[in-house]
$ cat upload_11.pdb   # PDB, C-alpha atoms
ATOM      1  CA  MET C   1      -0.522  28.995 -43.189
ATOM      2  CA  ASP C   2      -3.835  30.025 -41.570
ATOM      3  CA  LEU C   3      -4.574  26.415 -40.566
ATOM      4  CA  ILE C   4      -1.230  26.129 -38.774
ATOM      5  CA  GLU C   5      -1.821  29.414 -37.006
ATOM      6  CA  THR C   6      -5.286  28.278 -35.930
ATOM      7  CA  TYR C   7      -3.889  25.005 -34.607
ATOM      8  CA  LEU C   8      -1.147  26.800 -32.673
ATOM      9  CA  LEU C   9      -3.674  29.237 -31.217
ATOM     10  CA  ASP C  10      -5.850  26.305 -30.110
ATOM     11  CA  MET C  11      -2.896  24.646 -28.387
ATOM     12  CA  LEU C  12      -1.869  27.889 -26.702
ATOM     13  CA  TRP C  13      -5.419  28.497 -25.491
ATOM     14  CA  LEU C  14      -5.612  24.931 -24.113
ATOM     15  CA  ALA C  15      -2.259  25.353 -22.341
ATOM     16  CA  ALA C  16      -3.425  28.684 -20.900
ATOM     17  CA  LYS C  17      -6.632  27.109 -19.550
ATOM     18  CA  ILE C  18      -4.699  24.252 -17.958
ATOM     19  CA  ILE C  19      -2.252  26.672 -16.320
ATOM     20  CA  ILE C  20      -5.126  28.803 -15.034
ATOM     21  CA  VAL C  21      -6.934  25.786 -13.550
ATOM     22  CA  ILE C  22      -3.777  24.518 -11.829
ATOM     23  CA  ALA C  23      -2.925  28.004 -10.521
ATOM     24  CA  VAL C  24      -6.436  28.507  -9.151
ATOM     25  CA  GLY C  25      -6.357  25.040  -7.577
ATOM     26  CA  TRP C  26      -2.997  25.810  -5.960
ATOM     27  CA  ILE C  27      -4.295  29.095  -4.515
ATOM     28  CA  VAL C  28      -7.609  27.644  -3.338
ATOM     29  CA  GLY C  29      -5.822  24.606  -1.869
ATOM     30  CA  ARG C  30      -3.467  26.781   0.162
ATOM     31  CA  LEU C  31      -6.339  28.959   1.391
ATOM     32  CA  LEU C  32      -8.538  25.986   2.297
ATOM     33  CA  GLY C  33      -5.641  24.215   4.011
ATOM     34  CA  ARG C  34      -4.814  27.318   6.019
ATOM     35  CA  LEU C  35      -8.482  27.693   6.992
ATOM     36  CA  ALA C  36      -8.675  24.040   8.104
ATOM     37  CA  ARG C  37      -5.520  24.445  10.186
ATOM     38  CA  MET C  38      -6.894  27.619  11.812
ATOM     39  CA  ILE C  39     -10.089  25.779  12.746
ATOM     40  CA  ALA C  40      -8.062  22.894  14.212
ATOM     41  CA  VAL C  41      -5.951  25.331  16.239
ATOM     42  CA  ARG C  42      -9.062  27.144  17.515
ATOM     43  CA  LEU C  43     -10.549  23.808  18.604
ATOM     44  CA  ARG C  44      -7.232  23.036  20.382
ATOM     45  CA  ILE C  45      -7.070  19.592  18.824
ATOM     46  CA  ASP C  46      -3.276  19.360  19.153
ATOM     47  CA  GLU C  47      -3.350  20.267  22.867
ATOM     48  CA  GLN C  48      -6.147  17.810  23.654
ATOM     49  CA  LEU C  49      -4.349  14.958  21.927
ATOM     50  CA  GLU C  50      -1.033  15.765  23.614
ATOM     51  CA  LYS C  51      -2.600  15.876  27.093
ATOM     52  CA  ARG C  52      -4.994  12.952  26.902
ATOM     53  CA  THR C  53      -3.528  10.384  24.486
ATOM     54  CA  TYR C  54      -0.327   8.429  24.153
ATOM     55  CA  ILE C  55      -0.240   8.860  20.376
ATOM     56  CA  GLY C  56      -0.577  12.638  20.829
ATOM     57  CA  LYS C  57       2.546  12.723  23.010
ATOM     58  CA  GLN C  58       4.459  10.635  20.487
ATOM     59  CA  LEU C  59       3.440  12.952  17.650
ATOM     60  CA  LYS C  60       4.521  15.970  19.693
ATOM     61  CA  ASP C  61       7.954  14.399  20.334
ATOM     62  CA  ALA C  62       8.245  13.745  16.582
ATOM     63  CA  GLY C  63       7.349  17.370  15.812
ATOM     64  CA  ILE C  64       4.108  16.431  14.038
ATOM     65  CA  LYS C  65       0.848  18.293  14.624
ATOM     66  CA  ILE C  66      -2.593  17.041  13.685
ATOM     67  CA  SER C  67      -3.517  20.564  12.551
ATOM     68  CA  SER C  68      -0.653  20.464  10.043
ATOM     69  CA  VAL C  69      -1.796  17.039   8.810
ATOM     70  CA  ILE C  70      -5.324  18.415   8.308
ATOM     71  CA  ASP C  71      -3.807  21.350   6.394
ATOM     72  CA  VAL C  72      -1.893  19.005   4.077
ATOM     73  CA  LEU C  73      -4.887  16.729   3.467
ATOM     74  CA  ALA C  74      -7.140  19.690   2.575
ATOM     75  CA  ARG C  75      -4.531  21.018   0.141
ATOM     76  CA  LEU C  76      -3.974  17.623  -1.461
ATOM     77  CA  TYR C  77      -7.702  17.170  -2.034
ATOM     78  CA  VAL C  78      -8.071  20.539  -3.791
ATOM     79  CA  TYR C  79      -4.866  19.933  -5.785
ATOM     80  CA  ALA C  80      -6.241  16.561  -6.906
ATOM     81  CA  VAL C  81      -9.521  18.135  -8.039
ATOM     82  CA  ALA C  82      -7.654  20.863  -9.969
ATOM     83  CA  PHE C  83      -5.389  18.268 -11.606
ATOM     84  CA  HIS C  84      -8.429  16.224 -12.635
ATOM     85  CA  ILE C  85     -10.058  19.271 -14.236
ATOM     86  CA  ALA C  86      -6.838  20.077 -16.114
ATOM     87  CA  ALA C  87      -6.472  16.431 -17.189
ATOM     88  CA  THR C  88     -10.034  16.429 -18.511
ATOM     89  CA  MET C  89      -9.187  19.394 -20.737
ATOM     90  CA  THR C  90      -6.355  17.431 -22.382
ATOM     91  CA  ASP C  91      -8.804  14.637 -23.325
ATOM     92  CA  ILE C  92      -6.047  12.065 -22.712
ATOM     93  CA  GLN C  93      -7.987   9.063 -21.430
ATOM     94  CA  GLY C  94      -5.215   7.531 -19.311
ATOM     95  CA  ILE C  95      -4.520  10.747 -17.397
ATOM     96  CA  VAL C  96      -8.244  11.483 -16.980
ATOM     97  CA  THR C  97      -8.908   8.012 -15.555
ATOM     98  CA  THR C  98      -5.975   8.211 -13.130
ATOM     99  CA  SER C  99      -6.913  11.684 -11.891
ATOM    100  CA  ARG C 100     -10.562  10.654 -11.439
ATOM    101  CA  THR C 101      -9.456   7.656  -9.370
ATOM    102  CA  ILE C 102      -7.332   9.905  -7.151
ATOM    103  CA  VAL C 103     -10.168  12.405  -6.648
ATOM    104  CA  ASP C 104     -12.655   9.630  -5.817
ATOM    105  CA  PHE C 105     -10.231   8.062  -3.320
ATOM    106  CA  MET C 106      -9.320  11.279  -1.450
ATOM    107  CA  PRO C 107     -12.554  11.535   0.666
ATOM    108  CA  PHE C 108     -12.157   7.921   1.768
ATOM    109  CA  LEU C 109      -8.501   8.578   2.634
ATOM    110  CA  ILE C 110      -9.419  11.595   4.788
ATOM    111  CA  PHE C 111     -12.284   9.749   6.479
ATOM    112  CA  GLY C 112     -10.080   6.696   7.110
ATOM    113  CA  ILE C 113      -7.395   8.819   8.799
ATOM    114  CA  PHE C 114     -10.087  10.473  10.919
ATOM    115  CA  VAL C 115     -11.480   7.072  11.971
ATOM    116  CA  THR C 116      -7.977   5.863  12.868
ATOM    117  CA  VAL C 117      -7.274   8.919  15.065
ATOM    118  CA  ILE C 118     -10.629   8.542  16.847
ATOM    119  CA  GLY C 119      -9.787   4.885  17.416
ATOM    120  CA  PHE C 120      -6.429   5.843  18.978
ATOM    121  CA  ILE C 121      -8.153   8.308  21.322
ATOM    122  CA  PHE C 122     -10.790   5.793  22.380
ATOM    123  CA  SER C 123      -8.089   3.154  22.928
ATOM    124  CA  ASP C 124      -6.221   5.402  25.390
ATOM    125  CA  TYR C 125      -9.420   6.158  27.325
ATOM    126  CA  LEU C 126     -10.257   2.469  27.512
ATOM    127  CA  ILE C 127      -6.773   1.578  28.763
ATOM    128  CA  ARG C 128      -6.985   4.203  31.531
ATOM    129  CA  ILE C 129     -10.246   2.687  32.773
ATOM    130  CA  VAL C 130      -9.251  -0.971  32.672
ATOM    131  CA  ILE C 131      -5.617  -0.953  33.862
ATOM    132  CA  PRO C 132      -5.082  -0.192  37.591
ATOM    133  CA  ILE C 133      -2.595   2.618  37.940
ATOM    134  CA  SER C 134      -1.014   1.159  41.081
ATOM    135  CA  ALA C 135      -0.400  -2.295  39.650
ATOM    136  CA  ARG C 136       3.184  -3.185  38.808
ATOM    137  CA  ALA C 137       2.183  -5.018  35.657
ATOM    138  CA  SER C 138      -0.024  -2.158  34.448
ATOM    139  CA  THR C 139       2.681  -0.808  32.115
ATOM    140  CA  ILE C 140       3.168  -4.142  30.369
ATOM    141  CA  ILE C 141      -0.547  -4.895  30.127
ATOM    142  CA  GLY C 142      -1.310  -1.331  29.013
ATOM    143  CA  SER C 143       1.329  -1.467  26.282
ATOM    144  CA  ALA C 144      -0.008  -4.808  25.036
ATOM    145  CA  LEU C 145      -3.599  -3.613  25.011
ATOM    146  CA  ARG C 146      -2.585  -0.338  23.392
ATOM    147  CA  GLY C 147      -0.844  -2.184  20.567
ATOM    148  CA  ILE C 148      -3.883  -4.430  20.032
ATOM    149  CA  LEU C 149      -6.383  -1.566  20.066
ATOM    150  CA  TYR C 150      -4.179   0.599  17.847
ATOM    151  CA  LEU C 151      -4.000  -2.224  15.306
ATOM    152  CA  ILE C 152      -7.798  -2.549  15.375
ATOM    153  CA  SER C 153      -8.074   1.235  14.881
ATOM    154  CA  ILE C 154      -5.740   1.066  11.894
ATOM    155  CA  LEU C 155      -7.814  -1.784  10.416
ATOM    156  CA  ALA C 156     -10.987   0.272  10.887
ATOM    157  CA  GLY C 157      -9.300   3.200   9.123
ATOM    158  CA  LEU C 158      -8.273   0.988   6.195
ATOM    159  CA  THR C 159     -11.839  -0.322   5.955
ATOM    160  CA  ALA C 160     -13.114   3.276   5.854
ATOM    161  CA  MET C 161     -10.645   3.885   3.011
ATOM    162  CA  LYS C 162     -12.184   0.940   1.117
ATOM    163  CA  LEU C 163      -8.900  -0.976   1.388
ATOM    164  CA  GLU C 164      -9.636  -4.595   2.228
ATOM    165  CA  ILE C 165      -6.617  -6.638   3.464
ATOM    166  CA  PRO C 166      -7.692 -10.224   4.314
ATOM    167  CA  ILE C 167      -4.636 -11.070   6.421
ATOM    168  CA  LEU C 168      -5.207  -8.033   8.658
ATOM    169  CA  THR C 169      -8.884  -8.948   9.023
ATOM    170  CA  THR C 170      -7.953 -12.443  10.194
ATOM    171  CA  LEU C 171      -5.377 -11.037  12.615
ATOM    172  CA  ALA C 172      -7.838  -8.472  13.953
ATOM    173  CA  THR C 173     -10.424 -11.186  14.667
ATOM    174  CA  ALA C 174      -7.940 -13.042  16.849
ATOM    175  CA  LEU C 175      -6.861  -9.840  18.575
ATOM    176  CA  ILE C 176     -10.457  -8.852  19.397
ATOM    177  CA  TRP C 177     -10.888 -12.059  21.373
ATOM    178  CA  SER C 178      -7.579 -11.395  23.115
ATOM    179  CA  THR C 179      -8.680  -7.869  23.927
ATOM    180  CA  MET C 180     -11.971  -9.076  25.412
ATOM    181  CA  LEU C 181     -10.059 -11.513  27.610
ATOM    182  CA  GLY C 182      -7.675  -8.754  28.695
ATOM    183  CA  LEU C 183     -10.564  -6.438  29.533
ATOM    184  CA  ALA C 184     -12.194  -9.126  31.660
ATOM    185  CA  ILE C 185      -8.964  -9.722  33.565
ATOM    186  CA  GLY C 186      -8.401  -5.997  34.044
ATOM    187  CA  LEU C 187     -11.900  -5.435  35.393
ATOM    188  CA  ALA C 188     -11.536  -8.378  37.783
ATOM    189  CA  VAL C 189      -8.234  -7.024  39.093
ATOM    190  CA  ALA C 190      -9.669  -3.539  39.457
ATOM    191  CA  LEU C 191     -12.634  -4.798  41.489
ATOM    192  CA  ALA C 192     -10.360  -6.972  43.634
ATOM    193  CA  LEU C 193      -8.174  -3.969  44.501
ATOM    194  CA  GLY C 194     -11.197  -1.890  45.450
ATOM    195  CA  LEU C 195     -10.885   0.627  42.634
ATOM    196  CA  LYS C 196     -14.623   1.014  42.096
ATOM    197  CA  ASP C 197     -14.416   4.764  42.540
ATOM    198  CA  ALA C 198     -11.641   5.001  39.959
ATOM    199  CA  ILE C 199     -13.735   3.026  37.482
ATOM    200  CA  ALA C 200     -16.701   5.283  38.110
ATOM    201  CA  LYS C 201     -14.518   8.335  37.498
ATOM    202  CA  ARG C 202     -13.228   6.819  34.271
ATOM    203  CA  ALA C 203     -16.824   6.131  33.252
ATOM    204  CA  GLU C 204     -17.514   9.840  33.624
ATOM    205  CA  ASP C 205     -14.560  10.524  31.334
ATOM    206  CA  ILE C 206     -16.122   8.218  28.739
ATOM    207  CA  VAL C 207     -19.336  10.213  28.903
ATOM    208  CA  SER C 208     -17.359  13.387  28.292
ATOM    209  CA  SER C 209     -15.719  11.715  25.297
ATOM    210  CA  ILE C 210     -19.131  11.585  23.594
ATOM    211  CA  ASP C 211     -18.295  15.119  22.493
ATOM    212  CA  LEU C 212     -15.638  13.606  20.260
ATOM    213  CA  GLY C 213     -18.335  11.532  18.602
ATOM    214  CA  LEU C 214     -20.343  14.659  17.951
ATOM    215  CA  GLU C 215     -17.285  16.264  16.392
ATOM    216  CA  ALA C 216     -16.951  13.186  14.184
ATOM    217  CA  ALA C 217     -20.537  13.686  13.002
ATOM    218  CA  GLU C 218     -19.793  17.321  12.187
ATOM    219  CA  GLU C 219     -16.705  16.238  10.254
ATOM    220  CA  LYS C 220     -18.839  13.813   8.219
ATOM    221  CA  LEU C 221     -21.197  16.670   7.372
ATOM    222  CA  ARG C 222     -18.230  18.706   6.142
ATOM    223  CA  ILE C 223     -17.111  15.767   3.991
ATOM    224  CA  ASP C 224     -20.608  15.578   2.488
ATOM    225  CA  LYS C 225     -20.392  19.278   1.626
ATOM    226  CA  VAL C 226     -17.032  18.698  -0.061
ATOM    227  CA  ARG C 227     -18.590  15.915  -2.110
ATOM    228  CA  GLU C 228     -21.332  18.317  -3.194
ATOM    229  CA  VAL C 229     -18.659  20.760  -4.352
ATOM    230  CA  VAL C 230     -16.934  17.976  -6.301
ATOM    231  CA  ALA C 231     -20.249  17.056  -7.941
ATOM    232  CA  GLY C 232     -20.653  20.697  -8.982
ATOM    233  CA  LEU C 233     -17.169  20.695 -10.472
ATOM    234  CA  ARG C 234     -17.962  17.549 -12.442
ATOM    235  CA  ASN C 235     -21.086  19.203 -13.858
ATOM    236  CA  ARG C 236     -18.957  22.187 -14.863
ATOM    237  CA  ILE C 237     -16.532  19.827 -16.603
ATOM    238  CA  LYS C 238     -19.416  18.407 -18.644
ATOM    239  CA  GLU C 239     -20.441  21.953 -19.614
ATOM    240  CA  LEU C 240     -16.880  22.697 -20.716
ATOM    241  CA  GLU C 241     -16.821  19.516 -22.785
ATOM    242  CA  ALA C 242     -20.037  20.639 -24.508
ATOM    243  CA  GLU C 243     -18.440  24.032 -25.245
ATOM    244  CA  VAL C 244     -15.399  22.279 -26.728
ATOM    245  CA  GLU C 245     -17.669  20.265 -29.042
ATOM    246  CA  GLN C 246     -19.364  23.481 -30.175
ATOM    247  CA  TYR C 247     -15.974  25.039 -30.841
ATOM    248  CA  LYS C 248     -14.913  22.027 -32.923
ATOM    249  CA  SER C 249     -18.136  22.317 -34.926
ATOM    250  CA  ARG C 250     -17.491  26.009 -35.637
ATOM    251  CA  LEU C 251     -13.912  25.210 -36.626
ATOM    252  CA  LYS C 252     -15.174  22.598 -39.082
ATOM    253  CA  GLU C 253     -17.577  25.144 -40.607
ATOM    254  CA  MET C 254     -14.729  27.650 -40.991
ATOM    255  CA  GLU C 255     -12.579  25.004 -42.694
ATOM    256  CA  GLU C 256     -15.371  24.197 -45.168
ATOM    257  CA  ALA C 257     -15.833  27.912 -45.905
ATOM    258  CA  ARG C 258     -12.084  28.208 -46.524
ATOM    259  CA  LYS C 259     -12.137  25.309 -48.974
ATOM    260  CA  ILE C 260     -15.018  26.945 -50.869
ATOM    261  CA  LYS C 261     -13.036  30.202 -50.998
ATOM    262  CA  LEU C 262      -9.968  28.440 -52.407
ATOM    263  CA  GLU C 263     -12.111  26.726 -55.028
ATOM    264  CA  GLU C 264     -13.530  30.103 -56.041
ATOM    265  CA  LEU C 265     -10.005  31.484 -56.404
ATOM    266  CA  ALA C 266      -9.050  28.607 -58.669
ATOM    267  CA  ILE C 267     -11.890  29.430 -61.128
ATOM    268  CA  PRO C 268     -10.483  31.359 -64.139
ATOM    269  CA  THR C 269     -11.642  34.957 -64.403
ATOM    270  CA  ILE C 270     -11.409  37.499 -67.193
ATOM    271  CA  ASN C 271     -10.416  40.506 -65.066
ATOM    272  CA  ILE C 272      -7.477  38.916 -63.265
ATOM    273  CA  TYR C 273      -5.927  42.333 -62.553
ATOM    274  CA  ASP C 274      -8.883  43.432 -60.373
ATOM    275  CA  ARG C 275      -8.993  40.005 -58.768
ATOM    276  CA  LEU C 276      -5.330  40.261 -57.713
ATOM    277  CA  ARG C 277      -5.772  43.792 -56.360
ATOM    278  CA  GLU C 278      -8.776  42.655 -54.345
ATOM    279  CA  ILE C 279      -6.791  39.759 -52.871
ATOM    280  CA  VAL C 280      -3.664  41.705 -51.807
ATOM    281  CA  LYS C 281      -5.571  44.771 -50.476
ATOM    282  CA  GLY C 282      -2.570  46.972 -49.729
ATOM    283  CA  ARG C 283      -0.289  44.110 -48.688
ATOM    284  CA  GLY C 284       1.242  44.097 -52.149
ATOM    285  CA  GLU C 285       1.353  46.015 -55.439
ATOM    286  CA  VAL C 286       0.008  44.581 -58.711
ATOM    287  CA  ARG C 287       1.550  45.639 -62.045
ATOM    288  CA  GLU C 288       1.241  44.428 -65.638
ATOM    289  CA  ALA C 289       4.499  42.949 -66.933
ATOM    290  CA  TYR C 290       5.847  40.251 -69.304
ATOM    291  CA  GLY C 291       2.474  39.905 -70.966
ATOM    292  CA  GLY C 292       1.057  39.015 -67.563
ATOM    293  CA  PHE C 293       1.293  40.439 -64.066
ATOM    294  CA  GLU C 294       3.910  41.196 -61.457
ATOM    295  CA  VAL C 295       2.952  41.265 -57.758
ATOM    296  CA  GLU C 296       5.384  42.959 -55.366
ATOM    297  CA  VAL C 297       5.137  41.725 -51.760
ATOM    298  CA  LEU C 298       4.952  44.674 -49.330
ATOM    299  CA  ASP C 299       3.905  42.849 -46.135
ATOM    300  CA  LEU C 300       5.753  39.539 -45.806
ATOM    301  CA  GLU C 301       3.993  38.487 -42.631
ATOM    302  CA  ASN C 302       0.375  39.077 -43.676
ATOM    303  CA  PHE C 303       0.670  38.632 -47.472
ATOM    304  CA  PRO C 304      -1.937  36.175 -48.904
ATOM    305  CA  TRP C 305       0.578  33.905 -50.629
ATOM    306  CA  CYS C 306      -1.713  30.990 -51.238
ATOM    307  CA  GLU C 307      -4.607  33.033 -52.690
ATOM    308  CA  VAL C 308      -2.344  34.935 -55.119
ATOM    309  CA  LEU C 309      -0.670  31.754 -56.393
ATOM    310  CA  ILE C 310      -4.000  29.973 -56.874
ATOM    311  CA  ALA C 311      -5.505  32.986 -58.690
ATOM    312  CA  LEU C 312      -2.578  33.202 -61.128
ATOM    313  CA  LYS C 313      -2.474  29.478 -61.796
ATOM    314  CA  GLY C 314      -6.248  29.402 -62.201
ATOM    315  CA  ALA C 315      -5.945  32.120 -64.881
ATOM    316  CA  GLY C 316      -3.461  29.934 -66.831
ATOM    317  CA  PHE C 317      -0.221  31.821 -66.008
ATOM    318  CA  ASP C 318       3.161  30.327 -65.258
ATOM    319  CA  VAL C 319       4.131  31.491 -61.760
ATOM    320  CA  ILE C 320       7.671  32.528 -60.790
ATOM    321  CA  PHE C 321       8.785  33.659 -57.346
ATOM    322  CA  THR C 322      11.948  35.791 -57.281
ATOM    323  CA  LYS C 323      13.790  38.528 -55.407
ATOM    324  CA  ARG C 324      14.950  41.736 -57.083
ATOM    325  CA  ASP C 325      16.630  44.707 -55.369
ATOM    326  CA  GLU C 326      15.610  43.417 -51.901
ATOM    327  CA  LYS C 327      12.016  43.107 -53.120
ATOM    328  CA  TYR C 328      10.098  39.834 -53.288
ATOM    329  CA  LEU C 329       8.144  39.408 -56.507
ATOM    330  CA  ILE C 330       5.543  36.942 -57.766
ATOM    331  CA  ILE C 331       5.464  36.961 -61.573
ATOM    332  CA  GLY C 332       2.631  35.454 -63.567
ATOM    333  CA  ARG C 333       3.281  35.263 -67.291
ATOM    334  CA  VAL C 334       1.585  33.582 -70.208
ATOM    335  CA  ALA C 335       2.621  29.937 -70.519
ATOM    336  CA  GLY C 336       5.440  29.447 -73.080
ATOM    337  CA  ILE C 337       6.777  33.063 -72.905
TER     338      ILE C 337
END
$ encode --input "upload_11.pdb" --output "structure tokens"
Amino acid sequence: MDLIETYLLDMLWLAAKIIIVIAVGWIVGRLLGRLARMIAVRLRIDEQLEKRTYIGKQLKDAGIKISSVIDVLARLYVYAVAFHIAATMTDIQGIVTTSRTIVDFMPFLIFGIFVTVIGFIFSDYLIRIVIPISARASTIIGSALRGILYLISILAGLTAMKLEIPILTTLATALIWSTMLGLAIGLAVALALGLKDAIAKRAEDIVSSIDLGLEAAEEKLRIDKVREVVAGLRNRIKELEAEVEQYKSRLKEMEEARKIKLEELAIPTINIYDRLREIVKGRGEVREAYGGFEVEVLDLENFPWCEVLIALKGAGFDVIFTKRDEKYLIIGRVAGI
């Protein structure tokens, strides 16, 4: 009975720890996501993208904000870490391996999305410089170049995510040569139309876009800090695993002590009456009857059933369990009577 209770308590404690870890991860994820979104709003990332890039305008028309995407990514990363910690507690190898893979992939996913967005922004700046605004064919050429550069940006993002797709690499190589040819044609047309001043102005815009590169460096530093936090969490997981091993060792010692106690109870003793009274300790009443003993159960829930039965059998009595006048009785009488 005690072994079953111990096992149930262990399972309940494990379930409680898993629930606590997931709840804390959910709370921290929401807080971190909200903080990331507040920072993005303060930096006016959504407004800058909507004003200066084609992709920003398209996202605005679709009702999507980069700040909200950052919020979701931050939450998902923390949720993944919390799920991995909870999975580690279960010691189920398949779940632990899957959760670790997700946690390891999340930084690359975030960095790849960031690289893709930066590539979209740079593509729009480059198109503004190369394509003459007054040219009739500028819309067609700009759309073609935008598609090529966007595809290259997506490929760069996938590479940052550690996702290698050979067919896209081959296609990107061909498109890079096409882009270089388009840039050469655009520059030639711009010079022929006397748009030197416009090109110079666009060059100044490129210089101002260096700030975006600095922001990218700061974002990389933040990612490094997140990795440090993840490393700390992994160390904590190892400490918890060590504590679990210690707990298992103590449980084994308790089980061995219990076996020794049961063996002691099975040893015949002369003063069985005192032995029975010591075992029940107020949870039952011991009386002499039928040339043996009668034990009345007073506390059904906490009564030491196993110890009483072993003590009686060890003393050579036949054991009978019965109910009389709503009272549960254990009767030990001399064999053959």
$ atom_distance --input "upload_11.pdb" --atom1 "CA of Lys60 in chain C" --atom2 "CA of Ile45 in chain C"
12.2 Å
$ resolve_selection --input "upload_11.pdb" --expression "the PyMOL selection byres ((chain C and resi 329) around 7)" --output "PyMOL selection string"
chain C and resi 294-297+321-323+327-328+330-331
$ residues_near_point --input "upload_11.pdb" --point "(1.1, 11.9, 19.0)" --cutoff "12 Å" --atoms "all atoms listed in the file" --output "list in words"
Ile45, Asp46, Glu47, Gln48, Leu49, Glu50, Lys51, Arg52, Thr53, Tyr54, Ile55, Gly56, Lys57, Gln58, Leu59, Lys60, Asp61, Ala62, Gly63, Ile64, Lys65, Ile66, Ser67, Val69, Val117, Phe120, Ile121 and Asp124 of chain C
$ residues_around --input "upload_11.pdb" --residues "Phe293 in chain C" --least-positions-apart "2" --cutoff "10 Å" --atoms "all atoms listed in the file" --output "list of chain:residue names"
C:Ile272, C:Tyr273, C:Leu276, C:Val286, C:Arg287, C:Glu288, C:Ala289, C:Tyr290, C:Gly291, C:Val295, C:Glu296, C:Leu312, C:Phe317, C:Val319, C:Ile330, C:Ile331, C:Gly332, C:Arg333, C:Val334
$ residues_around --input "upload_11.pdb" --residues "Phe108 in chain C" --least-positions-apart "2" --cutoff "12 Å" --atoms "all atoms listed in the file" --output "list in words"
Leu73, Tyr77, Thr101, Ile102, Val103, Asp104, Phe105, Met106, Ile110, Phe111, Gly112, Ile113, Phe114, Val115, Ala156, Gly157, Leu158, Thr159, Ala160, Met161, Lys162, Leu163, Lys220, Ile223, Asp224, Val226 and Arg227 of chain C
$ atom_distance --input "upload_11.pdb" --atom1 "CA of Arg146 in chain C" --atom2 "CA of Pro107 in chain C"
27.5 Å
$ closest_residue --input "upload_11.pdb" --among "C:Arg324, C:Lys313, C:Arg75, C:Lys281" --to "Asp299 in chain C" --atoms "all atoms listed in the file"
C:Lys281
$ closest_residue --input "upload_11.pdb" --among "C:Val72, C:Gly282, C:Ala87, C:Ala311" --to "Val21 in chain C" --atoms "all atoms listed in the file"
C:Ala87
$ atom_distance --input "upload_11.pdb" --atom1 "CA of Leu35 in chain C" --atom2 "CA of Phe122 in chain C"
26.9 Å
$ closest_residue --input "upload_11.pdb" --among "C:Leu3, C:Leu309, C:Gln246, C:Glu253" --to "Arg275 in chain C" --atoms "only C-alpha atoms"
C:Leu309
$ resolve_selection --input "upload_11.pdb" --expression "the PyMOL selection byres ((chain C and resi 22) around 8)" --output "number ranges by chain"
C: 18-21, 23-26, 79, 82-83, 86
